[in-house]
Every structure is written in structure tokens, then in C-alpha cells.
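*Asks:* Data: input_26.cif, mmCIF, C-alpha atoms.
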data_input
loop_
_atom_site.group_PDB
_atom_site.id
_atom_site.type_symbol
_atom_site.label_atom_id
_atom_site.label_comp_id
_atom_site.auth_asym_id
_atom_site.auth_seq_id
_atom_site.Cartn_x
_atom_site.Cartn_y
_atom_site.Cartn_z
ATOM 1 C CA MET A 1 22.678 -56.186 -61.420
ATOM 2 C CA LEU A 2 23.779 -53.075 -63.304
ATOM 3 C CA ALA A 3 20.216 -51.686 -63.225
ATOM 4 C CA ILE A 4 19.972 -52.252 -59.443
ATOM 5 C CA ARG A 5 23.302 -50.461 -58.795
ATOM 6 C CA THR A 6 22.171 -47.561 -60.977
ATOM 7 C CA ARG A 7 18.912 -47.164 -59.040
ATOM 8 C CA ARG A 8 20.837 -47.234 -55.725
ATOM 9 C CA ARG A 9 23.266 -44.540 -56.910
ATOM 10 C CA LYS A 10 20.309 -42.345 -57.991
ATOM 11 C CA ALA A 11 18.601 -42.829 -54.615
ATOM 12 C CA VAL A 12 21.771 -41.868 -52.708
ATOM 13 C CA ALA A 13 22.280 -38.826 -54.948
ATOM 14 C CA LEU A 14 18.704 -37.656 -54.425
ATOM 15 C CA ALA A 15 18.969 -38.092 -50.638
ATOM 16 C CA THR A 16 22.246 -36.155 -50.552
ATOM 17 C CA ALA A 17 20.740 -33.318 -52.595
ATOM 18 C CA ALA A 18 17.774 -33.121 -50.218
ATOM 19 C CA VAL A 19 20.062 -32.819 -47.178
ATOM 20 C CA LEU A 20 22.161 -30.074 -48.843
ATOM 21 C CA ALA A 21 19.010 -28.182 -49.817
ATOM 22 C CA ALA A 22 17.698 -28.354 -46.258
ATOM 23 C CA LEU A 23 20.977 -26.986 -44.892
ATOM 24 C CA ALA A 24 20.971 -24.119 -47.367
ATOM 25 C CA ALA A 25 17.311 -23.140 -46.860
ATOM 26 C CA PRO A 26 16.340 -20.816 -43.956
ATOM 27 C CA SER A 27 14.492 -22.581 -41.136
ATOM 28 C CA LEU A 28 10.866 -21.537 -40.860
ATOM 29 C CA SER A 29 10.859 -22.431 -37.164
ATOM 30 C CA ALA A 30 14.002 -20.503 -36.222
ATOM 31 C CA THR A 31 13.564 -18.108 -33.283
ATOM 32 C CA PRO A 32 13.916 -14.470 -34.359
ATOM 33 C CA ALA A 33 16.876 -12.663 -32.801
ATOM 34 C CA THR A 34 14.566 -10.236 -31.019
ATOM 35 C CA ALA A 35 12.890 -13.052 -29.104
ATOM 36 C CA THR A 36 15.928 -13.400 -26.845
ATOM 37 C CA THR A 37 15.889 -9.728 -25.865
ATOM 38 C CA ALA A 38 15.101 -9.231 -22.149
ATOM 39 C CA ALA A 39 11.723 -7.701 -21.402
ATOM 40 C CA ALA A 40 11.811 -4.052 -20.378
ATOM 41 C CA PRO A 41 11.252 -3.465 -16.645
ATOM 42 C CA PRO A 42 7.803 -2.182 -15.688
ATOM 43 C CA THR A 43 7.265 1.556 -15.450
ATOM 44 C CA ALA A 44 4.936 3.613 -13.279
ATOM 45 C CA SER A 45 2.474 4.063 -16.122
ATOM 46 C CA ASP A 46 2.156 0.276 -16.446
ATOM 47 C CA TYR A 47 0.128 0.336 -13.211
ATOM 48 C CA ASP A 48 -2.125 3.308 -13.965
ATOM 49 C CA SER A 49 -4.852 1.269 -15.637
ATOM 50 C CA THR A 50 -4.699 -1.535 -13.070
ATOM 51 C CA TYR A 51 -3.219 -0.884 -9.629
ATOM 52 C CA TYR A 52 -3.927 2.875 -9.588
ATOM 53 C CA LYS A 53 -7.075 2.876 -11.702
ATOM 54 C CA ASP A 54 -9.295 4.201 -8.861
ATOM 55 C CA ALA A 55 -6.914 7.094 -8.153
ATOM 56 C CA ILE A 56 -6.202 8.408 -11.639
ATOM 57 C CA GLY A 57 -7.627 11.891 -12.249
ATOM 58 C CA LYS A 58 -8.245 12.689 -8.569
ATOM 59 C CA THR A 59 -6.650 15.353 -6.367
ATOM 60 C CA GLY A 60 -6.657 16.473 -2.752
ATOM 61 C CA ASP A 61 -8.448 14.423 -0.106
ATOM 62 C CA SER A 62 -10.136 12.308 -2.772
ATOM 63 C CA LEU A 63 -6.755 11.213 -4.150
ATOM 64 C CA LYS A 64 -5.365 10.585 -0.670
ATOM 65 C CA SER A 65 -8.390 8.467 0.270
ATOM 66 C CA SER A 66 -8.187 6.411 -2.928
ATOM 67 C CA LEU A 67 -4.450 5.793 -2.502
ATOM 68 C CA HIS A 68 -4.988 4.777 1.122
ATOM 69 C CA THR A 69 -7.482 2.132 0.059
ATOM 70 C CA ILE A 70 -5.179 0.856 -2.679
ATOM 71 C CA ILE A 71 -1.953 0.580 -0.677
ATOM 72 C CA SER A 72 -3.607 -0.773 2.489
ATOM 73 C CA ASP A 73 -4.015 -4.097 0.707
ATOM 74 C CA GLN A 74 -0.631 -5.503 1.683
ATOM 75 C CA THR A 75 1.184 -8.487 3.146
ATOM 76 C CA LYS A 76 2.600 -7.638 6.583
ATOM 77 C CA LEU A 77 6.058 -8.751 7.691
ATOM 78 C CA SER A 78 7.272 -9.626 11.169
ATOM 79 C CA TYR A 79 10.033 -7.468 12.599
ATOM 80 C CA SER A 80 12.518 -10.334 12.357
ATOM 81 C CA ALA A 81 11.621 -10.886 8.689
ATOM 82 C CA VAL A 82 12.589 -7.262 7.984
ATOM 83 C CA TRP A 83 16.306 -8.185 8.305
ATOM 84 C CA ASP A 84 16.252 -10.507 5.300
ATOM 85 C CA ALA A 85 13.950 -8.248 3.288
ATOM 86 C CA LEU A 86 16.295 -5.260 3.616
ATOM 87 C CA LYS A 87 19.201 -7.382 2.398
ATOM 88 C CA VAL A 88 17.314 -7.663 -0.895
ATOM 89 C CA THR A 89 15.545 -4.303 -1.189
ATOM 90 C CA ASP A 90 18.671 -2.273 -0.348
ATOM 91 C CA GLN A 91 21.323 -4.437 -2.000
ATOM 92 C CA ASP A 92 24.308 -2.537 -3.350
ATOM 93 C CA PRO A 93 24.030 -2.633 -7.175
ATOM 94 C CA ALA A 94 27.824 -2.819 -7.370
ATOM 95 C CA ASP A 95 28.283 -5.551 -4.720
ATOM 96 C CA SER A 96 25.600 -8.163 -4.137
ATOM 97 C CA GLY A 97 27.102 -9.030 -0.756
ATOM 98 C CA ASN A 98 26.448 -5.546 0.631
ATOM 99 C CA VAL A 99 23.619 -3.156 1.395
ATOM 100 C CA ILE A 100 23.657 0.634 0.972
ATOM 101 C CA LEU A 101 23.116 2.534 4.219
ATOM 102 C CA LEU A 102 20.496 5.243 3.802
ATOM 103 C CA TYR A 103 21.875 8.357 5.463
ATOM 104 C CA SER A 104 25.610 7.658 5.257
ATOM 105 C CA GLY A 105 25.673 6.109 1.764
ATOM 106 C CA ILE A 106 28.175 3.493 2.960
ATOM 107 C CA SER A 107 28.197 0.037 1.359
ATOM 108 C CA ARG A 108 28.364 -2.530 4.161
ATOM 109 C CA SER A 109 28.309 -6.320 4.322
ATOM 110 C CA LYS A 110 24.850 -7.847 4.622
ATOM 111 C CA SER A 111 26.193 -10.074 7.388
ATOM 112 C CA LEU A 112 26.938 -7.086 9.646
ATOM 113 C CA ASN A 113 23.350 -6.598 10.753
ATOM 114 C CA GLY A 114 22.855 -6.167 14.463
ATOM 115 C CA GLY A 115 23.168 -3.693 17.289
ATOM 116 C CA ASP A 116 26.898 -3.301 17.845
ATOM 117 C CA THR A 117 29.200 -0.503 16.718
ATOM 118 C CA GLY A 118 30.094 -1.168 13.082
ATOM 119 C CA ASP A 119 26.817 -2.978 12.436
ATOM 120 C CA TRP A 120 23.813 -1.761 10.512
ATOM 121 C CA ASN A 121 20.311 -1.896 11.933
ATOM 122 C CA ARG A 122 16.709 -1.189 10.931
ATOM 123 C CA GLU A 123 16.076 2.550 10.721
ATOM 124 C CA HIS A 124 12.464 3.709 10.935
ATOM 125 C CA VAL A 125 12.394 6.747 8.651
ATOM 126 C CA TRP A 126 9.047 7.686 10.179
ATOM 127 C CA ALA A 127 10.407 7.541 13.732
ATOM 128 C CA LYS A 128 8.457 4.886 15.605
ATOM 129 C CA SER A 129 7.927 7.155 18.618
ATOM 130 C CA HIS A 130 5.947 9.554 16.398
ATOM 131 C CA GLY A 131 2.692 7.708 16.897
ATOM 132 C CA ASP A 132 4.026 5.188 19.414
ATOM 133 C CA PHE A 133 3.791 2.162 17.110
ATOM 134 C CA GLY A 134 7.122 0.636 18.112
ATOM 135 C CA THR A 135 8.179 -2.449 16.172
ATOM 136 C CA ALA A 136 4.793 -4.152 16.123
ATOM 137 C CA THR A 137 3.618 -5.700 12.875
ATOM 138 C CA GLY A 138 2.117 -2.889 10.830
ATOM 139 C CA PRO A 139 3.728 0.568 10.690
ATOM 140 C CA GLY A 140 6.612 -0.738 12.795
ATOM 141 C CA THR A 141 7.519 -3.342 10.171
ATOM 142 C CA ASP A 142 6.494 -1.634 6.928
ATOM 143 C CA ILE A 143 9.602 -1.875 4.753
ATOM 144 C CA HIS A 144 8.522 1.025 2.584
ATOM 145 C CA HIS A 145 10.018 3.192 5.367
ATOM 146 C CA LEU A 146 12.503 0.817 7.027
ATOM 147 C CA ARG A 147 16.068 1.105 5.728
ATOM 148 C CA PRO A 148 19.540 -0.172 6.685
ATOM 149 C CA GLU A 149 21.649 2.342 8.603
ATOM 150 C CA ASP A 150 24.819 2.365 10.675
ATOM 151 C CA VAL A 151 24.014 1.889 14.369
ATOM 152 C CA ARG A 152 25.697 5.125 15.439
ATOM 153 C CA VAL A 153 24.219 7.178 12.596
ATOM 154 C CA ASN A 154 20.781 5.801 13.421
ATOM 155 C CA SER A 155 21.301 6.958 16.994
ATOM 156 C CA VAL A 156 22.308 10.442 15.803
ATOM 157 C CA ARG A 157 19.088 10.736 13.840
ATOM 158 C CA GLY A 158 17.056 9.375 16.762
ATOM 159 C CA ASN A 159 13.453 10.505 16.407
ATOM 160 C CA LYS A 160 14.179 13.967 15.021
ATOM 161 C CA ASP A 161 11.946 15.575 12.443
ATOM 162 C CA PHE A 162 13.329 16.492 9.020
ATOM 163 C CA ASP A 163 14.509 19.992 8.136
ATOM 164 C CA ASN A 164 17.402 21.793 6.465
ATOM 165 C CA GLY A 165 20.509 22.726 8.426
ATOM 166 C CA GLY A 166 22.843 21.464 11.088
ATOM 167 C CA SER A 167 26.357 20.068 11.304
ATOM 168 C CA GLY A 168 28.072 16.976 10.009
ATOM 169 C CA PHE A 169 29.094 14.014 12.161
ATOM 170 C CA THR A 170 31.116 10.798 11.882
ATOM 171 C CA ASP A 171 30.085 8.700 8.855
ATOM 172 C CA SER A 172 27.400 11.252 7.993
ATOM 173 C CA GLY A 173 27.924 10.921 4.244
ATOM 174 C CA GLY A 174 26.833 14.535 3.950
ATOM 175 C CA SER A 175 23.837 14.310 6.274
ATOM 176 C CA LEU A 176 23.461 17.064 8.879
ATOM 177 C CA THR A 177 21.816 17.372 12.279
ATOM 178 C CA ASP A 178 21.057 19.886 14.994
ATOM 179 C CA SER A 179 19.136 19.817 18.274
ATOM 180 C CA ASP A 180 15.687 19.245 16.786
ATOM 181 C CA SER A 181 16.036 18.128 13.163
ATOM 182 C CA PHE A 182 17.897 15.944 10.699
ATOM 183 C CA GLU A 183 18.842 16.627 7.068
ATOM 184 C CA PRO A 184 19.720 13.536 4.996
ATOM 185 C CA ARG A 185 22.398 13.625 2.304
ATOM 186 C CA ASP A 186 21.314 15.145 -1.017
ATOM 187 C CA ALA A 187 21.128 11.834 -2.888
ATOM 188 C CA VAL A 188 18.302 10.506 -0.683
ATOM 189 C CA LYS A 189 16.397 13.638 0.307
ATOM 190 C CA GLY A 190 13.580 12.783 -2.098
ATOM 191 C CA ASP A 191 13.608 9.151 -0.997
ATOM 192 C CA VAL A 192 13.079 10.233 2.611
ATOM 193 C CA ALA A 193 10.275 12.613 1.650
ATOM 194 C CA ARG A 194 8.428 9.987 -0.382
ATOM 195 C CA MET A 195 8.701 7.441 2.448
ATOM 196 C CA ILE A 196 7.194 9.979 4.847
ATOM 197 C CA PHE A 197 4.343 10.788 2.467
ATOM 198 C CA TYR A 198 3.693 7.063 1.970
ATOM 199 C CA MET A 199 3.306 6.574 5.726
ATOM 200 C CA ALA A 200 0.966 9.566 6.018
ATOM 201 C CA VAL A 201 -1.331 8.025 3.399
ATOM 202 C CA ARG A 202 -1.054 4.377 4.427
ATOM 203 C CA TYR A 203 -1.762 4.864 8.145
ATOM 204 C CA GLU A 204 -4.912 6.935 8.608
ATOM 205 C CA GLY A 205 -6.015 5.691 12.037
ATOM 206 C CA GLY A 206 -8.611 3.217 10.797
ATOM 207 C CA ASP A 207 -6.782 -0.032 11.524
ATOM 208 C CA GLY A 208 -5.860 0.356 15.179
ATOM 209 C CA TRP A 209 -2.807 2.556 14.606
ATOM 210 C CA ALA A 210 -2.405 6.294 14.991
ATOM 211 C CA ASP A 211 -3.391 8.631 12.166
ATOM 212 C CA LEU A 212 0.047 9.683 10.890
ATOM 213 C CA GLU A 213 0.261 13.167 9.384
ATOM 214 C CA VAL A 214 2.929 15.491 7.988
ATOM 215 C CA ASN A 215 2.923 18.994 9.492
ATOM 216 C CA GLY A 216 4.959 22.194 9.419
ATOM 217 C CA SER A 217 6.759 21.695 12.723
ATOM 218 C CA VAL A 218 9.885 20.123 14.161
ATOM 219 C CA ASP A 219 10.277 18.682 17.658
ATOM 220 C CA ASN A 220 6.946 16.852 17.362
ATOM 221 C CA GLY A 221 7.950 14.404 20.078
ATOM 222 C CA SER A 222 5.556 11.483 20.536
ATOM 223 C CA SER A 223 2.722 13.051 18.551
ATOM 224 C CA PRO A 224 1.799 11.135 15.373
ATOM 225 C CA TYR A 225 3.256 13.925 13.227
ATOM 226 C CA ILE A 226 6.490 14.571 11.344
ATOM 227 C CA GLY A 227 7.705 17.764 9.696
ATOM 228 C CA LYS A 228 8.556 19.899 7.988
ATOM 229 C CA LEU A 229 5.991 19.661 5.243
ATOM 230 C CA ASP A 230 7.344 22.448 3.039
ATOM 231 C CA VAL A 231 10.899 21.088 3.276
ATOM 232 C CA LEU A 232 9.818 17.542 2.465
ATOM 233 C CA LYS A 233 7.894 18.801 -0.559
ATOM 234 C CA GLN A 234 10.997 20.660 -1.692
ATOM 235 C CA TRP A 235 13.124 17.530 -1.332
ATOM 236 C CA ASN A 236 10.598 15.536 -3.341
ATOM 237 C CA ASP A 237 10.906 18.069 -6.171
ATOM 238 C CA GLU A 238 14.684 18.440 -6.087
ATOM 239 C CA ASP A 239 15.550 14.723 -5.822
ATOM 240 C CA PRO A 240 13.235 12.716 -8.121
ATOM 241 C CA PRO A 241 13.122 8.898 -7.961
ATOM 242 C CA ASP A 242 16.246 7.194 -9.286
ATOM 243 C CA ALA A 243 16.820 3.611 -10.451
ATOM 244 C CA PHE A 244 17.678 2.392 -6.933
ATOM 245 C CA GLU A 245 14.469 3.767 -5.441
ATOM 246 C CA GLU A 246 12.343 2.490 -8.322
ATOM 247 C CA ARG A 247 13.869 -0.990 -8.095
ATOM 248 C CA ARG A 248 13.262 -1.016 -4.343
ATOM 249 C CA ASN A 249 9.599 -0.147 -4.844
ATOM 250 C CA GLN A 250 9.243 -2.925 -7.404
ATOM 251 C CA VAL A 251 10.923 -5.561 -5.226
ATOM 252 C CA ILE A 252 8.658 -4.714 -2.288
ATOM 253 C CA TYR A 253 5.630 -5.007 -4.566
ATOM 254 C CA ASP A 254 6.703 -8.215 -6.313
ATOM 255 C CA THR A 255 8.248 -10.142 -3.428
ATOM 256 C CA TYR A 256 7.292 -8.848 0.008
ATOM 257 C CA GLN A 257 4.366 -6.566 0.810
ATOM 258 C CA HIS A 258 2.665 -6.549 -2.613
ATOM 259 C CA ASN A 259 1.830 -2.869 -2.306
ATOM 260 C CA ARG A 260 3.561 0.152 -3.808
ATOM 261 C CA ASN A 261 4.734 3.579 -2.692
ATOM 262 C CA PRO A 262 2.595 5.724 -5.002
ATOM 263 C CA PHE A 263 4.916 8.717 -4.647
ATOM 264 C CA VAL A 264 7.800 6.798 -6.185
ATOM 265 C CA ASP A 265 5.579 6.020 -9.172
ATOM 266 C CA HIS A 266 3.978 9.483 -9.232
ATOM 267 C CA PRO A 267 6.005 12.075 -7.289
ATOM 268 C CA GLU A 268 3.659 14.766 -8.652
ATOM 269 C CA TRP A 269 0.918 13.359 -6.401
ATOM 270 C CA VAL A 270 2.659 14.957 -3.406
ATOM 271 C CA GLU A 271 1.697 18.394 -4.705
ATOM 272 C CA ALA A 272 -1.731 17.127 -5.718
ATOM 273 C CA ILE A 273 -2.469 16.152 -2.086
ATOM 274 C CA TRP A 274 -0.464 18.634 -0.010
#
Any chance you could put this one into C-alpha cells?
*Replies:*
Amino acid sequence: MLAIRTRRRKAVALATAAVLAALAAPSLSATPATATTAAAPPTASDYDSTYYKDAIGKTGDSLKSSLHTIISDQTKLSYSAVWDALKVTDQDPADSGNVILLYSGISRSKSLNGGDTGDWNREHVWAKSHGDFGTATGPGTDIHHLRPEDVRVNSVRGNKDFDNGGSGFTDSGGSLTDSDSFEPRDAVKGDVARMIFYMAVRYEGGDGWADLEVNGSVDNGSSPYIGKLDVLKQWNDEDPPDAFEERRNQVIYDTYQHNRNPFVDHPEWVEAIW
């Protein structure tokens, strides 16, 4: 009996020692601390060897043609679907229940979308009368140039071309207007320019819509043109893409249209084409 008890005590002691050793030893299967670090968001250069591969190294009409082919491969939204898309693409980073209005810079509840005073509606940055495309699926619903804006401010802008100068108005946020042009607030001047250049490349007249072009004029009326080219180029230079604009481009690519605004990724391509 004594020998049996002794063997049992040795077995228990050995088992206890094994457990203590396992607790003290580092785990070979433990996940390194760096494995929990969030992946870095994609950058413009991440798409140069894939999405933009046929455009890299080109300039002028050759670059414009290549970009047109690339960005024309897109999913098209209905005009009603634009409401919900803008609530995501233009969400206020500081308040997930709001959107940021383009020209005024006001943060307004997502639920206040509509056509009444105090609401926000769907502003066509490339005015839909410039080419007469209305709200039909295509240029009329392309969310790369549709943005939330206060109903009254949207009416003030109307279908005016873009240029420097003018006077302020209620809820302008620093935007200015005169009889034939509109100047957005400084923080989105580049955004507006890059949306205009996107439209001029995306819609070249080959898919049933007008050939949209940027020119050096204001008061273009119903012609498929918007100006002023030299001012828009200046705005592109002076107001480079910020985090809000870059996030918006990514969300549109990942979730909605699956195409990109190349001038957000490569603002230097404006000068390379125009």
C-alpha cells in the first residue's frame, strides 16, 4: 500500500509541474500584437498598377481617352437611390446622423432630405441643363457629381458656371454668386473642380449623352459646357483632395458605382490633360 501511495504522489507532482511549466512558457501559437492593428486605408498609388494601369505614363488626349474607358465601367444608380447613397458618401465625420452640405458647409440631419425650405436636396454640380441630361440614369444620377445641398442655396446656384467673385447670401458658408457665375467656399473649391473634370472625361458623347466639355466661358446656358477652365484648374491646385473627398471617392468605388474619380487620386492629371 505504501508503494502505491508513493507512486500516486509522484504522478500528481509530475502533473502539477507540467501545468506550471506550461503556464510559465510563452505560447507558440499566440497572436502577435501587430496582428490586431487595423489595415491602412488604400491610397491612390494602390490602384496605379491595377485600376489605372492603362493610363499611367500618358498625357493629353491619350490620357483622357484611357481614363474615359476606365471610369465608364460603372454601376448606374436610379435617381431615387441617390438619396440613400448621399447619406453615406457625404456623412458628417463628427455626427453619423448628419450630412455635410457642399456649398454652405452646414451639417444637417440625414432625415431632412426633400424639397421644402430647411431641407437638403440633390445638387448637380455639373448643372443638368448643361447638356440637357436631366435626372435620367447616367449623368443625371452619377454620384461623383451629386452632393447634398440646402434647397435655397441650391436654387441660388441654379445652373450658373463657376468663376471667382460675387456676393454672399443666406447660409452661403462663404460661397459667392453674381448674375452669371458661382464661387463655392474655399474648402470645396478643389472638390468642385475635380467633379467637373470627372464629368468632362466620363461623358464623351458615345453612350447616348451629350459630350460634356469644360471651356473658358460663363453663361453657357443649355450648351454641354461649363466654365471657367482656368479658374477650375486654379481651384484644383489651391485646394488639393482632403480626407473627406478621398473617403467619398473610396465609398463610391467600393459600395455604389465601382468607378473612381481619377482627379481625386491624381489631381496632377488635370494639368496633364488641360
*Asks:* Using all atoms listed in the file for the distances, tell me which of A:Asp163, A:Glu246, A:Asp178, A:Asp265 is nearest to A:Val218.
*Replies:* A:Asp163
*Asks:* Evaluate the PyMOL selection byres ((chain A and resi 112-115) around 12) here and jot the selected residues down as a PDB file with C-alpha atoms, keeping the file's coordinate frame.
*Replies:*
ATOM      1  CA  SER A  80      12.518 -10.334  12.357  1.00  0.00           C
ATOM      2  CA  VAL A  82      12.589  -7.262   7.984  1.00  0.00           C
ATOM      3  CA  TRP A  83      16.306  -8.185   8.305  1.00  0.00           C
ATOM      4  CA  ASP A  84      16.252 -10.507   5.300  1.00  0.00           C
ATOM      5  CA  LEU A  86      16.295  -5.260   3.616  1.00  0.00           C
ATOM      6  CA  LYS A  87      19.201  -7.382   2.398  1.00  0.00           C
ATOM      7  CA  GLY A  97      27.102  -9.030  -0.756  1.00  0.00           C
ATOM      8  CA  ASN A  98      26.448  -5.546   0.631  1.00  0.00           C
ATOM      9  CA  VAL A  99      23.619  -3.156   1.395  1.00  0.00           C
ATOM     10  CA  LEU A 101      23.116   2.534   4.219  1.00  0.00           C
ATOM     11  CA  SER A 107      28.197   0.037   1.359  1.00  0.00           C
ATOM     12  CA  ARG A 108      28.364  -2.530   4.161  1.00  0.00           C
ATOM     13  CA  SER A 109      28.309  -6.320   4.322  1.00  0.00           C
ATOM     14  CA  LYS A 110      24.850  -7.847   4.622  1.00  0.00           C
ATOM     15  CA  SER A 111      26.193 -10.074   7.388  1.00  0.00           C
ATOM     16  CA  ASP A 116      26.898  -3.301  17.845  1.00  0.00           C
ATOM     17  CA  THR A 117      29.200  -0.503  16.718  1.00  0.00           C
ATOM     18  CA  GLY A 118      30.094  -1.168  13.082  1.00  0.00           C
ATOM     19  CA  ASP A 119      26.817  -2.978  12.436  1.00  0.00           C
ATOM     20  CA  TRP A 120      23.813  -1.761  10.512  1.00  0.00           C
ATOM     21  CA  ASN A 121      20.311  -1.896  11.933  1.00  0.00           C
ATOM     22  CA  ARG A 122      16.709  -1.189  10.931  1.00  0.00           C
ATOM     23  CA  GLU A 123      16.076   2.550  10.721  1.00  0.00           C
ATOM     24  CA  ARG A 147      16.068   1.105   5.728  1.00  0.00           C
ATOM     25  CA  PRO A 148      19.540  -0.172   6.685  1.00  0.00           C
ATOM     26  CA  GLU A 149      21.649   2.342   8.603  1.00  0.00           C
ATOM     27  CA  ASP A 150      24.819   2.365  10.675  1.00  0.00           C
ATOM     28  CA  VAL A 151      24.014   1.889  14.369  1.00  0.00           C
ATOM     29  CA  ARG A 152      25.697   5.125  15.439  1.00  0.00           C
ATOM     30  CA  VAL A 153      24.219   7.178  12.596  1.00  0.00           C
ATOM     31  CA  ASN A 154      20.781   5.801  13.421  1.00  0.00           C
ATOM     32  CA  SER A 155      21.301   6.958  16.994  1.00  0.00           C
TER      33      SER A 155
END
*Asks:* Applied to this file, what does the PyMOL selection byres ((chain A and resi 185-187) around 10) return in terms of residues, put as a PDB file with C-alpha atoms, keeping the file's coordinate frame?
*Replies:*
ATOM      1  CA  LEU A 102      20.496   5.243   3.802  1.00  0.00           C
ATOM      2  CA  TYR A 103      21.875   8.357   5.463  1.00  0.00           C
ATOM      3  CA  SER A 104      25.610   7.658   5.257  1.00  0.00           C
ATOM      4  CA  GLY A 105      25.673   6.109   1.764  1.00  0.00           C
ATOM      5  CA  SER A 172      27.400  11.252   7.993  1.00  0.00           C
ATOM      6  CA  GLY A 173      27.924  10.921   4.244  1.00  0.00           C
ATOM      7  CA  GLY A 174      26.833  14.535   3.950  1.00  0.00           C
ATOM      8  CA  SER A 175      23.837  14.310   6.274  1.00  0.00           C
ATOM      9  CA  LEU A 176      23.461  17.064   8.879  1.00  0.00           C
ATOM     10  CA  PHE A 182      17.897  15.944  10.699  1.00  0.00           C
ATOM     11  CA  GLU A 183      18.842  16.627   7.068  1.00  0.00           C
ATOM     12  CA  PRO A 184      19.720  13.536   4.996  1.00  0.00           C
ATOM     13  CA  VAL A 188      18.302  10.506  -0.683  1.00  0.00           C
ATOM     14  CA  LYS A 189      16.397  13.638   0.307  1.00  0.00           C
ATOM     15  CA  GLY A 190      13.580  12.783  -2.098  1.00  0.00           C
ATOM     16  CA  ASP A 191      13.608   9.151  -0.997  1.00  0.00           C
ATOM     17  CA  VAL A 192      13.079  10.233   2.611  1.00  0.00           C
ATOM     18  CA  TRP A 235      13.124  17.530  -1.332  1.00  0.00           C
ATOM     19  CA  GLU A 238      14.684  18.440  -6.087  1.00  0.00           C
ATOM     20  CA  ASP A 239      15.550  14.723  -5.822  1.00  0.00           C
ATOM     21  CA  PRO A 240      13.235  12.716  -8.121  1.00  0.00           C
ATOM     22  CA  PRO A 241      13.122   8.898  -7.961  1.00  0.00           C
ATOM     23  CA  ASP A 242      16.246   7.194  -9.286  1.00  0.00           C
TER      24      ASP A 242
END
*Asks:* Pick from A:Trp209, A:Tyr225, A:Tyr203, A:Tyr52: nearest to A:Ala127, with all atoms listed in the file counted?
*Replies:*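 Once distances to A:Ala127 are computed over all atoms listed in the file, the minimum belongs to A:Tyr225.
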*Asks:* May I ask for the distance between atom CA of A:Gly57 and atom CA of A:Ile71, given in Å to one decimal place?
*Replies:* 17.1 Å
*Asks:* Pick out the closest residue to A:Ile56 from this set: A:Ile70, A:Ala81, A:Leu212, A:Ile252. Count all atoms listed in the file.
*Replies:* A:Ile70
*Asks:* Which residues come within 7 Å of A:Leu229, counting all atoms listed in the file, excluding same-chain residues fewer than 5 positions away, as a ChimeraX atom specification?
*Replies:* /A:214-216
*Asks:* The PyMOL selection byres ((chain A and resi 66) around 10) on the file shown: which residues, as a list in words?
*Replies:*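 For this structure, the PyMOL selection byres ((chain A and resi 66) around 10) captures Tyr52, Lys53, Asp54, Ala55, Ile56, Lys58, Thr59, Asp61, Ser62, Leu63, Lys64, Ser65, Leu67, His68, Thr69, Ile70, Ile71 and Val201 of chain A.
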*Asks:* If I wrap all listed atoms of stretch 195-200 of chain A in a box with edges along x, y and z and add 6 Å on each side, what are its centre and edge lengths in Å to one decimal, as AutoDock Vina command-line options?
*Replies:*
--center_x 4.8 --center_y 8.7 --center_z 4.0 --size_x 19.7 --size_y 16.2 --size_z 16.0
*Asks:* Please measure the separation of atom CA of A:Ser96 and atom CA of A:Phe244, giving the value in Å to one decimal.
*Replies:* 13.5 Å
*Asks:* Just the number, please: distance in Å from atom CA of A:Glu213 to atom CA of A:Gln91, one decimal.
*Replies:* 29.7 Å
*Asks:* Do you know which residues are at most 8 Å from stretch 133-142 of chain A counting all atoms listed in the file, after dropping those on the same chain fewer than 5 positions away, and could you put them as an mmCIF file with C-alpha atoms, in the coordinates of the input?
*Replies:*
data_model
loop_
_atom_site.group_PDB
_atom_site.id
_atom_site.type_symbol
_atom_site.label_atom_id
_atom_site.label_comp_id
_atom_site.auth_asym_id
_atom_site.auth_seq_id
_atom_site.Cartn_x
_atom_site.Cartn_y
_atom_site.Cartn_z
ATOM 1 C CA LYS A 76 2.600 -7.638 6.583
ATOM 2 C CA LEU A 77 6.058 -8.751 7.691
ATOM 3 C CA SER A 78 7.272 -9.626 11.169
ATOM 4 C CA TYR A 79 10.033 -7.468 12.599
ATOM 5 C CA VAL A 82 12.589 -7.262 7.984
ATOM 6 C CA HIS A 124 12.464 3.709 10.935
ATOM 7 C CA LYS A 128 8.457 4.886 15.605
ATOM 8 C CA MET A 199 3.306 6.574 5.726
ATOM 9 C CA TYR A 203 -1.762 4.864 8.145
ATOM 10 C CA TRP A 209 -2.807 2.556 14.606
ATOM 11 C CA ALA A 210 -2.405 6.294 14.991
#
*Asks:* Can you list, as a ChimeraX atom specification, every protein, DNA or RNA residue that comes within 9 Å of A:Asn261 when you count all atoms listed in the file, leaving out same-chain residues fewer than 2 positions away?
*Replies:* /A:71,144,194-195,197-198,249,253,259,263-266
*Asks:* Counting only C-alpha atoms, which residue out of A:Ser179, A:Lys233, A:Thr75, A:Lys228 sits closest to A:Ser167?
*Replies:*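 Using only C-alpha atoms, A:Ser167 sits closest to A:Ser179.
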*Asks:* Quick one: of A:Gly60, A:Thr89, A:Ile100, A:His145, who's nearest to A:Val270, counting all atoms listed in the file?
*Replies:*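 Of A:Gly60, A:Thr89, A:Ile100, A:His145, the one nearest A:Val270 is A:Gly60, counting all atoms listed in the file.
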